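Text of my_file-v8.cif, listed as mmCIF, C-alpha atoms:
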```cif
data_query
loop_
_atom_site.label_atom_id
_atom_site.label_comp_id
_atom_site.auth_asym_id
_atom_site.auth_seq_id
_atom_site.Cartn_x
_atom_site.Cartn_y
_atom_site.Cartn_z
CA MET P 24 17.74 -13.72 23.06
CA LYS P 25 16.43 -11.98 26.15
CA PHE P 26 13.34 -9.83 25.79
CA SER P 27 15.08 -6.94 27.56
CA ASP P 28 17.90 -7.04 24.98
CA TYR P 29 15.34 -7.03 22.17
CA LEU P 30 13.57 -4.00 23.62
CA SER P 31 16.72 -1.95 24.19
CA LYS P 32 19.03 -2.98 21.34
CA TYR P 33 16.85 -3.96 18.39
CA LEU P 34 13.23 -2.82 18.65
CA PRO P 35 13.75 0.97 18.18
CA ASN P 36 15.75 0.53 14.98
CA ILE P 37 13.71 -2.22 13.34
CA LEU P 38 10.44 -0.48 14.21
CA ALA P 39 11.69 2.83 12.80
CA ASP P 40 12.86 1.15 9.57
CA THR P 41 9.59 -0.74 9.16
CA LEU P 42 7.46 2.36 9.75
CA TYR P 43 9.63 4.35 7.33
CA VAL P 44 9.21 1.82 4.52
CA VAL P 45 5.48 1.34 5.12
CA CYS P 46 4.71 5.07 5.47
CA VAL P 47 6.60 6.15 2.34
CA SER P 48 5.15 3.29 0.29
CA ALA P 49 1.64 3.97 1.59
CA ILE P 50 1.79 7.70 0.81
CA LEU P 51 3.03 7.11 -2.73
CA ALA P 52 0.55 4.28 -3.32
CA ILE P 53 -2.39 6.29 -1.97
CA ILE P 54 -1.58 9.25 -4.24
CA MET P 55 -1.30 7.01 -7.29
CA GLY P 56 -4.25 4.92 -6.14
CA VAL P 57 -6.52 7.96 -5.96
CA LEU P 58 -5.46 9.01 -9.46
CA VAL P 59 -5.80 5.55 -11.01
CA GLY P 60 -8.94 4.68 -9.03
CA SER P 61 -10.61 7.95 -10.03
CA GLY P 62 -9.61 7.28 -13.63
CA LEU P 63 -11.16 3.81 -13.47
CA PHE P 64 -14.33 5.30 -11.98
CA LEU P 65 -14.65 7.93 -14.71
CA LEU P 66 -13.94 5.46 -17.51
CA ARG P 67 -16.39 2.99 -15.99
CA LYS P 68 -19.10 5.64 -16.05
CA GLY P 69 -18.28 6.58 -19.66
CA LYS P 70 -20.84 5.77 -22.30
CA THR P 71 -18.72 5.86 -25.45
CA LYS P 72 -17.04 2.81 -26.91
CA ALA P 73 -13.61 4.38 -26.50
CA THR P 74 -14.05 4.91 -22.75
CA LYS P 75 -15.36 1.37 -22.29
CA VAL P 76 -12.37 -0.09 -24.11
CA SER P 77 -9.99 2.16 -22.15
CA TYR P 78 -11.58 1.02 -18.90
CA LYS P 79 -11.19 -2.65 -19.78
CA ILE P 80 -7.52 -2.17 -20.72
CA LEU P 81 -6.68 -0.23 -17.55
CA ASP P 82 -8.69 -2.65 -15.41
CA ILE P 83 -6.83 -5.64 -16.88
CA ILE P 84 -3.45 -4.00 -16.22
CA VAL P 85 -4.41 -3.25 -12.61
CA ASN P 86 -5.68 -6.79 -12.06
CA ILE P 87 -2.53 -8.32 -13.57
CA PHE P 88 -0.35 -6.50 -11.06
CA ARG P 89 -2.77 -7.37 -8.26
CA SER P 90 -2.45 -11.05 -9.09
CA PHE P 91 1.37 -11.09 -8.84
CA PRO P 92 2.66 -12.85 -5.70
CA PHE P 93 4.65 -10.16 -3.90
CA TYR P 94 7.69 -12.38 -3.41
CA ILE P 95 7.94 -12.93 -7.17
CA LEU P 96 7.20 -9.26 -7.91
CA ILE P 97 10.20 -8.18 -5.80
CA PHE P 98 12.65 -10.05 -8.01
CA TRP P 99 10.80 -9.37 -11.27
CA LEU P 100 11.10 -5.62 -10.60
CA ILE P 101 14.85 -5.70 -9.83
CA PRO P 102 15.87 -4.01 -13.14
CA PHE P 103 13.19 -1.34 -12.64
CA THR P 104 14.18 -0.88 -9.00
CA ARG P 105 17.83 -0.42 -9.95
CA SER P 106 16.87 2.18 -12.57
CA ILE P 107 14.77 4.16 -10.07
CA MET P 108 17.48 4.02 -7.41
CA LYS P 109 20.09 5.10 -9.98
CA ILE P 110 18.00 8.18 -10.79
CA LEU P 111 17.23 9.05 -7.15
CA THR P 112 20.50 8.20 -5.41
CA GLY P 113 23.07 7.69 -8.14
CA VAL P 114 23.60 4.09 -7.01
CA GLY P 115 21.78 1.40 -9.00
CA THR P 116 21.01 -1.10 -6.28
CA SER P 117 18.00 -3.26 -5.48
CA MET P 118 19.36 -4.54 -2.16
CA SER P 119 18.62 -1.91 0.47
CA THR P 120 15.84 -0.54 2.63
CA ASP P 121 15.20 2.40 0.29
CA ALA P 122 15.20 0.12 -2.74
CA PHE P 123 12.57 -2.11 -1.13
CA ILE P 124 10.15 0.84 -1.21
CA VAL P 125 9.94 0.52 -5.01
CA PRO P 126 8.41 -2.99 -5.27
CA LEU P 127 6.32 -2.36 -2.16
CA THR P 128 4.82 0.75 -3.75
CA VAL P 129 4.27 -0.98 -7.09
CA ALA P 130 2.48 -3.83 -5.33
CA ALA P 131 0.31 -1.41 -3.35
CA ILE P 132 -0.79 0.89 -6.20
CA PRO P 133 -3.20 -1.56 -7.90
CA PHE P 134 -4.53 -2.62 -4.50
CA PHE P 135 -5.33 0.96 -3.48
CA SER P 136 -6.63 1.76 -6.98
CA LYS P 137 -9.33 -0.90 -6.78
CA LEU P 138 -10.19 0.14 -3.22
CA ILE P 139 -10.68 3.74 -4.37
CA GLU P 140 -12.69 2.70 -7.42
CA ASN P 141 -15.00 0.47 -5.37
CA ALA P 142 -15.49 3.24 -2.79
CA LEU P 143 -16.41 5.77 -5.50
CA ILE P 144 -18.84 3.37 -7.16
CA GLU P 145 -20.84 3.16 -3.92
CA VAL P 146 -21.57 6.92 -3.96
CA ASN P 147 -25.24 7.61 -4.63
CA SER P 148 -25.68 8.42 -8.31
CA GLY P 149 -28.33 11.00 -7.42
CA ILE P 150 -25.71 13.11 -5.65
CA ILE P 151 -23.52 13.03 -8.77
CA GLU P 152 -26.45 13.98 -11.00
CA ALA P 153 -27.29 16.89 -8.70
CA ALA P 154 -23.70 18.13 -8.85
CA THR P 155 -23.73 17.83 -12.63
CA SER P 156 -26.94 19.84 -12.88
CA LEU P 157 -25.28 22.63 -10.88
CA GLY P 158 -22.68 22.96 -13.63
CA LEU P 159 -19.70 21.55 -11.76
CA SER P 160 -16.81 20.31 -13.86
CA THR P 161 -15.73 16.68 -13.82
CA PHE P 162 -12.71 17.57 -11.66
CA GLN P 163 -14.90 19.45 -9.18
CA ILE P 164 -17.40 16.58 -9.01
CA ILE P 165 -14.63 14.07 -8.26
CA VAL P 166 -12.81 16.21 -5.69
CA LYS P 167 -15.65 18.09 -3.99
CA VAL P 168 -18.45 15.54 -4.22
CA VAL P 169 -17.51 11.95 -4.98
CA LEU P 170 -14.29 11.67 -2.97
CA ARG P 171 -15.86 13.51 -0.04
CA GLU P 172 -18.93 11.26 -0.01
CA ALA P 173 -16.76 8.15 -0.31
CA LEU P 174 -14.31 9.25 2.38
CA PRO P 175 -15.43 6.78 5.09
CA ALA P 176 -15.11 3.84 2.70
CA ILE P 177 -11.77 5.18 1.47
CA VAL P 178 -10.44 5.46 5.04
CA SER P 179 -11.55 1.90 5.74
CA GLY P 180 -9.88 0.67 2.56
CA ILE P 181 -6.65 2.56 3.25
CA THR P 182 -6.49 1.01 6.72
CA LEU P 183 -6.79 -2.44 5.17
CA GLY P 184 -4.14 -1.54 2.60
CA ILE P 185 -1.66 -0.33 5.22
CA VAL P 186 -2.17 -3.53 7.22
CA THR P 187 -1.36 -5.48 4.05
CA LEU P 188 1.76 -3.37 3.49
CA ILE P 189 2.96 -4.15 7.00
CA GLY P 190 2.72 -7.83 6.17
CA PHE P 191 4.57 -7.32 2.89
CA SER P 192 7.26 -5.26 4.64
CA ALA P 193 8.28 -8.36 6.59
CA MET P 194 9.80 -9.64 3.33
CA SER P 195 12.36 -6.81 3.23
CA GLY P 196 15.03 -9.07 4.67
CA VAL P 197 15.17 -11.22 1.53
CA VAL P 198 16.49 -8.27 -0.50
CA GLY P 199 18.85 -6.81 2.06
CA GLY P 200 16.38 -4.40 3.57
CA SER P 201 16.13 -3.68 7.27
CA GLY P 202 13.20 -3.84 9.63
CA ILE P 203 11.22 -6.54 11.34
CA GLY P 204 11.62 -8.95 8.44
CA GLN P 205 15.39 -8.59 8.40
CA PHE P 206 15.54 -9.13 12.17
CA ALA P 207 13.38 -12.27 11.92
CA ILE P 208 15.63 -13.74 9.22
CA ASP P 209 19.01 -12.77 10.69
CA TYR P 210 18.33 -13.44 14.36
CA GLY P 211 15.38 -15.80 14.31
CA LEU P 212 15.69 -18.03 11.25
CA THR P 213 19.45 -18.06 10.68
CA ASN P 214 20.35 -18.49 14.35
CA TYR P 215 17.46 -20.87 15.07
CA ASP P 216 16.34 -18.53 17.84
CA SER P 217 12.63 -19.14 18.40
CA ALA P 218 12.49 -16.35 21.00
CA ALA P 219 13.75 -13.76 18.51
CA MET P 220 11.26 -15.01 15.91
CA GLY P 221 8.49 -14.75 18.50
CA TYR P 222 9.46 -11.18 19.35
CA ALA P 223 9.26 -10.25 15.66
CA VAL P 224 5.84 -11.85 15.26
CA ILE P 225 4.48 -10.14 18.38
CA THR P 226 5.83 -6.79 17.17
CA LEU P 227 4.05 -7.23 13.82
CA ILE P 228 0.80 -8.16 15.55
CA ILE P 229 0.93 -5.12 17.83
CA LEU P 230 1.77 -2.87 14.88
CA VAL P 231 -1.16 -4.21 12.84
CA LEU P 232 -3.57 -3.85 15.77
CA SER P 233 -2.38 -0.28 16.36
CA VAL P 234 -2.98 0.66 12.72
CA GLN P 235 -6.41 -0.98 12.80
CA ILE P 236 -7.41 0.89 15.97
CA LEU P 237 -6.20 4.21 14.52
CA GLY P 238 -8.00 3.50 11.26
CA ASN P 239 -11.25 2.77 13.13
CA LEU P 240 -10.95 6.05 15.03
CA VAL P 241 -10.41 8.04 11.83
CA TYR P 242 -13.32 6.19 10.20
CA LYS P 243 -15.64 7.21 13.04
CA LEU P 244 -14.49 10.83 12.74
CA VAL P 245 -15.16 11.08 8.99
CA LYS P 246 -18.35 9.03 9.21
#
```
Represent the supplied structure as structure tokens.
Amino acid sequence: MKFSDYLSKYLPNILADTLYVVCVSAILAIIMGVLVGSGLFLLRKGKTKATKVSYKILDIIVNIFRSFPFYILIFWLIPFTRSIMKILTGVGTSMSTDAFIVPLTVAAIPFFSKLIENALIEVNSGIIEAATSLGLSTFQIIVKVVLREALPAIVSGITLGIVTLIGFSAMSGVVGGSGIGQFAIDYGLTNYDSAAMGYAVITLIILVLSVQILGNLVYKLVK
């Protein structure tokens, strides 16, 4: 495959599909990650036996999903993916670009949750105690104090998470999804075209570097 053909015929579509899957999955995972990570942080700080037990249970569940190899998770979640797609689109399928968002999001939620929890833990306890003494509610402390203080670490963690999602998105081709992964399988692997495979790899590298550069810029702004 000629590089000019790749640029004109394939790159715009596969890049758009990859960015769509990664962006939607990242947004959903970040929202859930903030909620779960904040919950882990609050339970971790709890002093009662009930909160300690609740933390251990939630932490174990998060770590179980974190330990799943993504390739296996894709197929293990097929029934769940079909159910979600049936509700959202009326078609119970697990073999499409939209359907691939489901396992990608599920895989990302525990990853982002631990990133958020670890970022919140690093916040100076004195700042939290000062906010508590001012009479702020738990919700206000989390939103106005802890999350704000942990924002640089959160941005850094989110950047790392999105880079990981880009790598995971390359597996979309195995379940009928589109994007860089599908191109690499259909045109590179199946056709034994090393040039096409090289183009896909270079595109992924440039995409990852771009996200990392953007993440570093945002980190400097919030720092």
Output check: residues returned by the PyMOL selection byres ((chain P and resi 124-138) around 8), as a ChimeraX atom specification: /P:44-45,47-49,51-53,55-61,85-86,88-89,93,96-97,100,104,107,120-123,139-142,177,180-181,184,188,191-192
Once you have the residues from the selection above, write them out as an mmCIF file, in the coordinates of the input, restricted to C-alpha atoms.
```cif
data_model
loop_
_atom_site.group_PDB
_atom_site.id
_atom_site.type_symbol
_atom_site.label_atom_id
_atom_site.label_comp_id
_atom_site.auth_asym_id
_atom_site.auth_seq_id
_atom_site.Cartn_x
_atom_site.Cartn_y
_atom_site.Cartn_z
ATOM 1 C CA VAL P 44 9.210 1.820 4.520
ATOM 2 C CA VAL P 45 5.480 1.340 5.120
ATOM 3 C CA VAL P 47 6.600 6.150 2.340
ATOM 4 C CA SER P 48 5.150 3.290 0.290
ATOM 5 C CA ALA P 49 1.640 3.970 1.590
ATOM 6 C CA LEU P 51 3.030 7.110 -2.730
ATOM 7 C CA ALA P 52 0.550 4.280 -3.320
ATOM 8 C CA ILE P 53 -2.390 6.290 -1.970
ATOM 9 C CA MET P 55 -1.300 7.010 -7.290
ATOM 10 C CA GLY P 56 -4.250 4.920 -6.140
ATOM 11 C CA VAL P 57 -6.520 7.960 -5.960
ATOM 12 C CA LEU P 58 -5.460 9.010 -9.460
ATOM 13 C CA VAL P 59 -5.800 5.550 -11.010
ATOM 14 C CA GLY P 60 -8.940 4.680 -9.030
ATOM 15 C CA SER P 61 -10.610 7.950 -10.030
ATOM 16 C CA VAL P 85 -4.410 -3.250 -12.610
ATOM 17 C CA ASN P 86 -5.680 -6.790 -12.060
ATOM 18 C CA PHE P 88 -0.350 -6.500 -11.060
ATOM 19 C CA ARG P 89 -2.770 -7.370 -8.260
ATOM 20 C CA PHE P 93 4.650 -10.160 -3.900
ATOM 21 C CA LEU P 96 7.200 -9.260 -7.910
ATOM 22 C CA ILE P 97 10.200 -8.180 -5.800
ATOM 23 C CA LEU P 100 11.100 -5.620 -10.600
ATOM 24 C CA THR P 104 14.180 -0.880 -9.000
ATOM 25 C CA ILE P 107 14.770 4.160 -10.070
ATOM 26 C CA THR P 120 15.840 -0.540 2.630
ATOM 27 C CA ASP P 121 15.200 2.400 0.290
ATOM 28 C CA ALA P 122 15.200 0.120 -2.740
ATOM 29 C CA PHE P 123 12.570 -2.110 -1.130
ATOM 30 C CA ILE P 139 -10.680 3.740 -4.370
ATOM 31 C CA GLU P 140 -12.690 2.700 -7.420
ATOM 32 C CA ASN P 141 -15.000 0.470 -5.370
ATOM 33 C CA ALA P 142 -15.490 3.240 -2.790
ATOM 34 C CA ILE P 177 -11.770 5.180 1.470
ATOM 35 C CA GLY P 180 -9.880 0.670 2.560
ATOM 36 C CA ILE P 181 -6.650 2.560 3.250
ATOM 37 C CA GLY P 184 -4.140 -1.540 2.600
ATOM 38 C CA LEU P 188 1.760 -3.370 3.490
ATOM 39 C CA PHE P 191 4.570 -7.320 2.890
ATOM 40 C CA SER P 192 7.260 -5.260 4.640
#
```
Hits of the PyMOL selection byres ((chain P and resi 223) around 12) in this structure, as JSON, numbers by chain: {"P": [24, 26, 29, 30, 33, 34, 37, 38, 41, 190, 193, 202, 203, 204, 205, 206, 207, 208, 209, 210, 211, 212, 216, 217, 218, 219, 220, 221, 222, 224, 225, 226, 227, 228, 229, 230]}
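The two atoms in question, CA of Met108 in chain P and CA of Thr182 in chain P, are spaced 28.0 Å apart.
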Best match for closeness to Ser179 in chain P among P:Lys70, P:Lys167, P:Lys109, P:Lys246, counting all atoms listed in the file: P:Lys246
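Comparing the minimum interatomic distances between Leu66 in chain P and each of P:Leu174, P:Pro102, P:Ile80, P:Gln163, counting only C-alpha atoms, we find that P:Ile80 sits nearest.
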Selection near Ile151 in chain P, 9 Å with all atoms listed in the file, sequence-local residues under 5 positions removed, as a ChimeraX atom specification: /P:146,156,164-165,168-169
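Considering the residues P:Ile144, P:Leu183, P:Met118, P:Val76 and counting all atoms listed in the file, Gly238 in chain P has its shortest atom-to-atom contact with P:Leu183.
The spacing separating CA of Val198 in chain P from CA of Ile83 in chain P amounts to 28.6 Å.
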Point-to-point distance in Å for CA of Ala73 in chain P and CA of Thr161 in chain P: 17.8 Å
Contacts of Thr74 in chain P at 12 Å (all atoms listed in the file; same-chain gap of 6+ positions) as a ChimeraX atom specification: /P:62-68,80-82
